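Student: Before we start, here is the structure in question, set down as C-alpha cells.
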Protein chains: 2
Amino acid sequence: MDTLDRRIIAALRENGRATYAELGRQVGLSASAVHERVGKLESTGVITGYHAMVDPSSVGLGVTALIGIHSTDTADDEDVAASLALLTEVESCYRVAGEESFVVKVRVATVDELEQTLGRLRRIAGIARTRTTLVLSTRFEGRPNTSEVDTRDE
Amino acid sequence: MDTLDRRIIAALRENGRATYAELGRQVGLSASAVHERVGKLESTGVITGYHAMVDPSSVGLGVTALIGIHSTDTADDEDVAASLALLTEVESCYRVAGEESFVVKVRVATVDELEQTLGRLRRIAGIARTRTTLVLSTRFEGRPNTSEVDTRDE
DNA sequence: ACTGAAACTGAGGAGGG
DNA sequence: CCCTCCTCAGTTTCAGT
C-alpha cells in the first residue's frame, strides 16, 4: 500500500469505471501494472466492490429516514442485526455507542411504507423502541474523503 | 424507464464495472442496446456515477461518527450546508426534520481527529450545538435495495 | 514489481429494420 | 427501440528484466 495505490484508489472512488489504461496515464504506470495493483487491492479486501450510484427518487425511493433503535435489556445484538439485514428497505446499519444500539438508514417509496417499516422493526425480537428522523433532503452522500491521509508506505 | 432499465440498474448497482456485453446477456439485449439505455440513464440523471467501495480502515479511516447538528435561530441552512461541504471528513450530509437541522456522517482516522472535527463544526457560523454518536461497527452500508419496486413503465 | 508484445474482448458509432 | 457489423481501444496474459 504505497502512494501509487492510494492514487489509484482515489481515482477509482471518483470514477469506478475508469479504465486501467486511463488510470495508468494518471499515475504514470502501464495498464498492466495498474491491472496487477488493482487486482491485489481487490483480493486483499481494500477495494470491496464497484457500484453504480442511482438517484433514489428516480427508482421510486423518495423517502429516506434515519432510525435509532433501542434494544431490550435481554437482546442479543447479533440477532437484532441479522433481523435488520432481512429488511431490504434498510440500506445501512450501524452499531453505535450511547443509549441506542443501532442506527439504520431506511429508504422507501412513501411515508405509508415508512410506517409499515416501523411496524416491522417494532415486531423484531430485541427491539424495544425506535426514534425516527425524517430526511428532508440529502445534501451529499458517500462523498470520497480524499484527505490523502498520509504518505507512509505499508 | 421500464423493467429492462430497472434490471440494468440493479445489475450496475451490484457490479458497477459490469461490461455492456455482460449486462446484455443478463437482460437479453445486445451490448449496443444496453449501451444506448445506460447512456440515457446517465444523461437523465438516474445513474449519477460509478464508485469503487473501499474498506475505510484500510485507508486509515477507522473512526466513524454520526453527528446531529443544531442550528442557531438565525442560521441560514444553505450557508451551514455549504460550510459542512467544505470539511472533507464529512462524508454525508442530510437535512432533517426535528430538533436538529442536519445529521452528518463523518469518517476520520482517530478519536483525536474526531475531536478536531467537532471543534471545526462548532466554529461554523449558524451551528449552535452538536450531538455525536460514535459508530462501533458498520454491519452493512449502502446496500442496494433490490425491492424491484413496481413493474409499471414510465 | 514494471514493461512491452500479443491475442483477445469490449466500446462505441454507422447503418438498417 | 433494437439489431448487426465494423474499427479502435482497452484487457489480460506472459516472457523478460
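Residue numbering restarts at 1 for every chain of the C-alpha cells, chains are lettered A, B, ... in their displayed order, and ligands are numbered from 1 as they appear.
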Counting only C-alpha atoms (C1' of nucleotides), a student should be able to say which residues of chain D come within 12 Å of chain B; what is the right answer, written as an mmCIF file with C-alpha atoms (C1' of nucleotides), in the first residue's frame?

Tutor:
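This went into selection.cif:
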```cif
data_model
loop_
_atom_site.group_PDB
_atom_site.id
_atom_site.type_symbol
_atom_site.label_atom_id
_atom_site.label_comp_id
_atom_site.auth_asym_id
_atom_site.auth_seq_id
_atom_site.Cartn_x
_atom_site.Cartn_y
_atom_site.Cartn_z
ATOM 1 C "C1'" DC D 1 -36.024 0.778 -29.794
ATOM 2 C "C1'" DC D 2 -33.372 -2.890 -31.328
ATOM 3 C "C1'" DC D 3 -30.103 -5.421 -34.273
ATOM 4 C "C1'" DT D 4 -25.744 -6.387 -36.907
ATOM 5 C "C1'" DC D 5 -21.487 -5.005 -38.444
ATOM 6 C "C1'" DT D 11 -7.957 -6.001 -21.193
#
```

Student: Using only C-alpha atoms (C1' of nucleotides), what table do you get, as a Markdown table, when you list each residue of chain C with an atom no more than 10 Å from chain B, its nearest pair of atoms, and their distance in Å rounded to one decimal, rows by chain then rising number?

Tutor:
```
| residue | atom | partner | partner_atom | distance |
| --- | --- | --- | --- | --- |
| C:DT9 | C1' | B:Ala21 | CA | 9.7 |
| C:DG10 | C1' | B:Ala21 | CA | 7.2 |
| C:DA11 | C1' | B:Tyr20 | CA | 8.5 |
| C:DG12 | C1' | B:Ser32 | CA | 8.0 |
| C:DG13 | C1' | B:Ser32 | CA | 9.7 |
```

Student: Taking only C-alpha atoms into account, what are the residues of chain B at most 7 Å from chain A, put as a ChimeraX atom specification?

Tutor: /B:12-17,45-55,58,88-89,91-98,133-145,147

Student: Using DSSP on the backbone coordinates, identify the residues of region 35-149 of chain B assigned to alpha helix (DSSP H); present them as a PyMOL selection string.

Tutor: chain B and resi 35-43+77-86+111-122

Student: Quick one: write out the picked residues with N, CA and C atoms as a PDB file, in the first residue's frame?

Tutor:
```pdb
ATOM      1  N   HIS B  35     -25.843  -0.359 -24.157  1.00  0.00           N
ATOM      2  CA  HIS B  35     -25.017   0.845 -24.208  1.00  0.00           C
ATOM      3  C   HIS B  35     -25.888   2.089 -24.363  1.00  0.00           C
ATOM      4  N   GLU B  36     -26.843   1.986 -25.239  1.00  0.00           N
ATOM      5  CA  GLU B  36     -27.765   3.091 -25.509  1.00  0.00           C
ATOM      6  C   GLU B  36     -28.615   3.402 -24.265  1.00  0.00           C
ATOM      7  N   ARG B  37     -29.159   2.372 -23.652  1.00  0.00           N
ATOM      8  CA  ARG B  37     -30.006   2.565 -22.474  1.00  0.00           C
ATOM      9  C   ARG B  37     -29.218   3.153 -21.317  1.00  0.00           C
ATOM     10  N   VAL B  38     -28.035   2.621 -21.086  1.00  0.00           N
ATOM     11  CA  VAL B  38     -27.233   3.122 -19.971  1.00  0.00           C
ATOM     12  C   VAL B  38     -26.865   4.585 -20.216  1.00  0.00           C
ATOM     13  N   GLY B  39     -26.534   4.906 -21.460  1.00  0.00           N
ATOM     14  CA  GLY B  39     -26.224   6.301 -21.797  1.00  0.00           C
ATOM     15  C   GLY B  39     -27.373   7.220 -21.451  1.00  0.00           C
ATOM     16  N   LYS B  40     -28.595   6.786 -21.747  1.00  0.00           N
ATOM     17  CA  LYS B  40     -29.775   7.603 -21.419  1.00  0.00           C
ATOM     18  C   LYS B  40     -29.980   7.706 -19.913  1.00  0.00           C
ATOM     19  N   LEU B  41     -29.794   6.589 -19.224  1.00  0.00           N
ATOM     20  CA  LEU B  41     -29.952   6.605 -17.764  1.00  0.00           C
ATOM     21  C   LEU B  41     -28.936   7.558 -17.127  1.00  0.00           C
ATOM     22  N   GLU B  42     -27.741   7.608 -17.720  1.00  0.00           N
ATOM     23  CA  GLU B  42     -26.722   8.513 -17.189  1.00  0.00           C
ATOM     24  C   GLU B  42     -27.074   9.967 -17.493  1.00  0.00           C
ATOM     25  N   SER B  43     -27.490  10.225 -18.722  1.00  0.00           N
ATOM     26  CA  SER B  43     -27.717  11.623 -19.100  1.00  0.00           C
ATOM     27  C   SER B  43     -29.006  12.181 -18.509  1.00  0.00           C
ATOM     28  N   ASP B  77     -29.684  27.776   6.627  1.00  0.00           N
ATOM     29  CA  ASP B  77     -29.270  26.393   6.461  1.00  0.00           C
ATOM     30  C   ASP B  77     -28.464  26.153   5.190  1.00  0.00           C
ATOM     31  N   GLU B  78     -28.690  26.969   4.180  1.00  0.00           N
ATOM     32  CA  GLU B  78     -27.898  26.831   2.957  1.00  0.00           C
ATOM     33  C   GLU B  78     -26.431  27.124   3.245  1.00  0.00           C
ATOM     34  N   ASP B  79     -26.203  28.166   4.035  1.00  0.00           N
ATOM     35  CA  ASP B  79     -24.835  28.528   4.395  1.00  0.00           C
ATOM     36  C   ASP B  79     -24.194  27.436   5.235  1.00  0.00           C
ATOM     37  N   VAL B  80     -24.976  26.910   6.176  1.00  0.00           N
ATOM     38  CA  VAL B  80     -24.444  25.845   7.036  1.00  0.00           C
ATOM     39  C   VAL B  80     -24.066  24.632   6.181  1.00  0.00           C
ATOM     40  N   ALA B  81     -24.952  24.245   5.271  1.00  0.00           N
ATOM     41  CA  ALA B  81     -24.673  23.096   4.403  1.00  0.00           C
ATOM     42  C   ALA B  81     -23.419  23.334   3.574  1.00  0.00           C
ATOM     43  N   ALA B  82     -23.275  24.541   3.082  1.00  0.00           N
ATOM     44  CA  ALA B  82     -22.093  24.879   2.281  1.00  0.00           C
ATOM     45  C   ALA B  82     -20.820  24.757   3.116  1.00  0.00           C
ATOM     46  N   SER B  83     -20.900  25.202   4.369  1.00  0.00           N
ATOM     47  CA  SER B  83     -19.736  25.096   5.253  1.00  0.00           C
ATOM     48  C   SER B  83     -19.403  23.644   5.558  1.00  0.00           C
ATOM     49  N   LEU B  84     -20.444  22.838   5.757  1.00  0.00           N
ATOM     50  CA  LEU B  84     -20.231  21.413   6.026  1.00  0.00           C
ATOM     51  C   LEU B  84     -19.564  20.731   4.831  1.00  0.00           C
ATOM     52  N   ALA B  85     -19.951  21.160   3.646  1.00  0.00           N
ATOM     53  CA  ALA B  85     -19.405  20.547   2.431  1.00  0.00           C
ATOM     54  C   ALA B  85     -17.908  20.791   2.309  1.00  0.00           C
ATOM     55  N   LEU B  86     -17.431  21.843   2.973  1.00  0.00           N
ATOM     56  CA  LEU B  86     -16.001  22.162   2.889  1.00  0.00           C
ATOM     57  C   LEU B  86     -15.138  21.234   3.742  1.00  0.00           C
ATOM     58  N   VAL B 111      -9.816   9.153  17.213  1.00  0.00           N
ATOM     59  CA  VAL B 111     -10.750   9.947  18.018  1.00  0.00           C
ATOM     60  C   VAL B 111     -10.192  11.358  18.249  1.00  0.00           C
ATOM     61  N   ASP B 112      -8.884  11.485  18.227  1.00  0.00           N
ATOM     62  CA  ASP B 112      -8.292  12.823  18.304  1.00  0.00           C
ATOM     63  C   ASP B 112      -8.767  13.677  17.135  1.00  0.00           C
ATOM     64  N   GLU B 113      -8.750  13.076  15.966  1.00  0.00           N
ATOM     65  CA  GLU B 113      -9.211  13.807  14.786  1.00  0.00           C
ATOM     66  C   GLU B 113     -10.696  14.104  14.881  1.00  0.00           C
ATOM     67  N   LEU B 114     -11.438  13.186  15.487  1.00  0.00           N
ATOM     68  CA  LEU B 114     -12.871  13.432  15.660  1.00  0.00           C
ATOM     69  C   LEU B 114     -13.080  14.666  16.542  1.00  0.00           C
ATOM     70  N   GLU B 115     -12.275  14.752  17.575  1.00  0.00           N
ATOM     71  CA  GLU B 115     -12.340  15.917  18.460  1.00  0.00           C
ATOM     72  C   GLU B 115     -12.068  17.197  17.675  1.00  0.00           C
ATOM     73  N   GLN B 116     -11.070  17.144  16.811  1.00  0.00           N
ATOM     74  CA  GLN B 116     -10.756  18.315  15.978  1.00  0.00           C
ATOM     75  C   GLN B 116     -11.917  18.670  15.059  1.00  0.00           C
ATOM     76  N   THR B 117     -12.528  17.624  14.492  1.00  0.00           N
ATOM     77  CA  THR B 117     -13.667  17.858  13.603  1.00  0.00           C
ATOM     78  C   THR B 117     -14.807  18.528  14.364  1.00  0.00           C
ATOM     79  N   LEU B 118     -15.080  18.043  15.583  1.00  0.00           N
ATOM     80  CA  LEU B 118     -16.154  18.642  16.382  1.00  0.00           C
ATOM     81  C   LEU B 118     -15.839  20.110  16.659  1.00  0.00           C
ATOM     82  N   GLY B 119     -14.578  20.404  16.881  1.00  0.00           N
ATOM     83  CA  GLY B 119     -14.167  21.794  17.075  1.00  0.00           C
ATOM     84  C   GLY B 119     -14.445  22.626  15.840  1.00  0.00           C
ATOM     85  N   ARG B 120     -14.095  22.078  14.686  1.00  0.00           N
ATOM     86  CA  ARG B 120     -14.342  22.796  13.427  1.00  0.00           C
ATOM     87  C   ARG B 120     -15.833  23.031  13.217  1.00  0.00           C
ATOM     88  N   LEU B 121     -16.632  22.010  13.547  1.00  0.00           N
ATOM     89  CA  LEU B 121     -18.082  22.145  13.369  1.00  0.00           C
ATOM     90  C   LEU B 121     -18.612  23.280  14.242  1.00  0.00           C
ATOM     91  N   ARG B 122     -18.158  23.315  15.491  1.00  0.00           N
ATOM     92  CA  ARG B 122     -18.708  24.312  16.413  1.00  0.00           C
ATOM     93  C   ARG B 122     -18.322  25.731  16.036  1.00  0.00           C
TER      94      ARG B 122
END
```

Student: Using DSSP on the backbone coordinates, identify all residues within region 15-76 of chain A classified as strand (DSSP E or B); present the result as a PyMOL selection string.

Tutor: chain A and resi 47-54+63-71

Student: Restricting it to C-alpha atoms, dump the selection as a compact mmCIF listing (two decimals), in the first residue's frame.

Tutor:
```txt
# COMPACT_ATOMS: atom_id res chain seq x y z
CA ILE A 47 -11.42 -2.37 -2.65
CA THR A 48 -14.65 -4.14 -1.75
CA GLY A 49 -16.59 -3.54 -4.93
CA TYR A 50 -17.83 -1.17 -7.60
CA HIS A 51 -21.33 0.20 -7.61
CA ALA A 52 -23.45 2.47 -9.74
CA MET A 53 -24.96 5.33 -7.76
CA VAL A 54 -28.59 5.92 -8.54
CA VAL A 63 -38.43 8.83 1.33
CA THR A 64 -35.31 8.49 3.47
CA ALA A 65 -35.24 8.17 7.24
CA LEU A 66 -32.64 7.65 9.93
CA ILE A 67 -33.90 5.41 12.70
CA GLY A 68 -32.33 4.95 16.12
CA ILE A 69 -33.07 1.59 17.67
CA HIS A 70 -33.27 0.87 21.40
CA SER A 71 -32.69 -2.77 22.28
```

Student: Show me, as a list in words, the residues that have an atom within 12 Å of DC14 (chain D) when counting only C-alpha atoms (C1' of nucleotides), minus same-chain residues fewer than 5 positions from it.

Tutor: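 So, after excluding close chain neighbours, the residues are Ser32 of chain A; DT3, DG4, DA5, DA6 and DA7 of chain C.
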
Student: Do you have the CA of Val27 (chain B)-CA of Asp5 (chain B) distance handy?

Tutor: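 If I compute the distance from CA of Val27 (chain B) to CA of Asp5 (chain B), I get 9.2 Å.
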
Student: Quick one: pull the distance between CA of Arg131 (chain B) and CA of Arg131 (chain A), Å, one decimal.

Tutor: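 Between these atoms lies a distance of 15.0 Å.
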
Student: Just how far from CA of Ala125 (chain A) is CA of Thr110 (chain A), in Å to one decimal?

Tutor: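 Spanning CA of Thr110 (chain A) to CA of Ala125 (chain A) is a straight-line distance of 25.3 Å.
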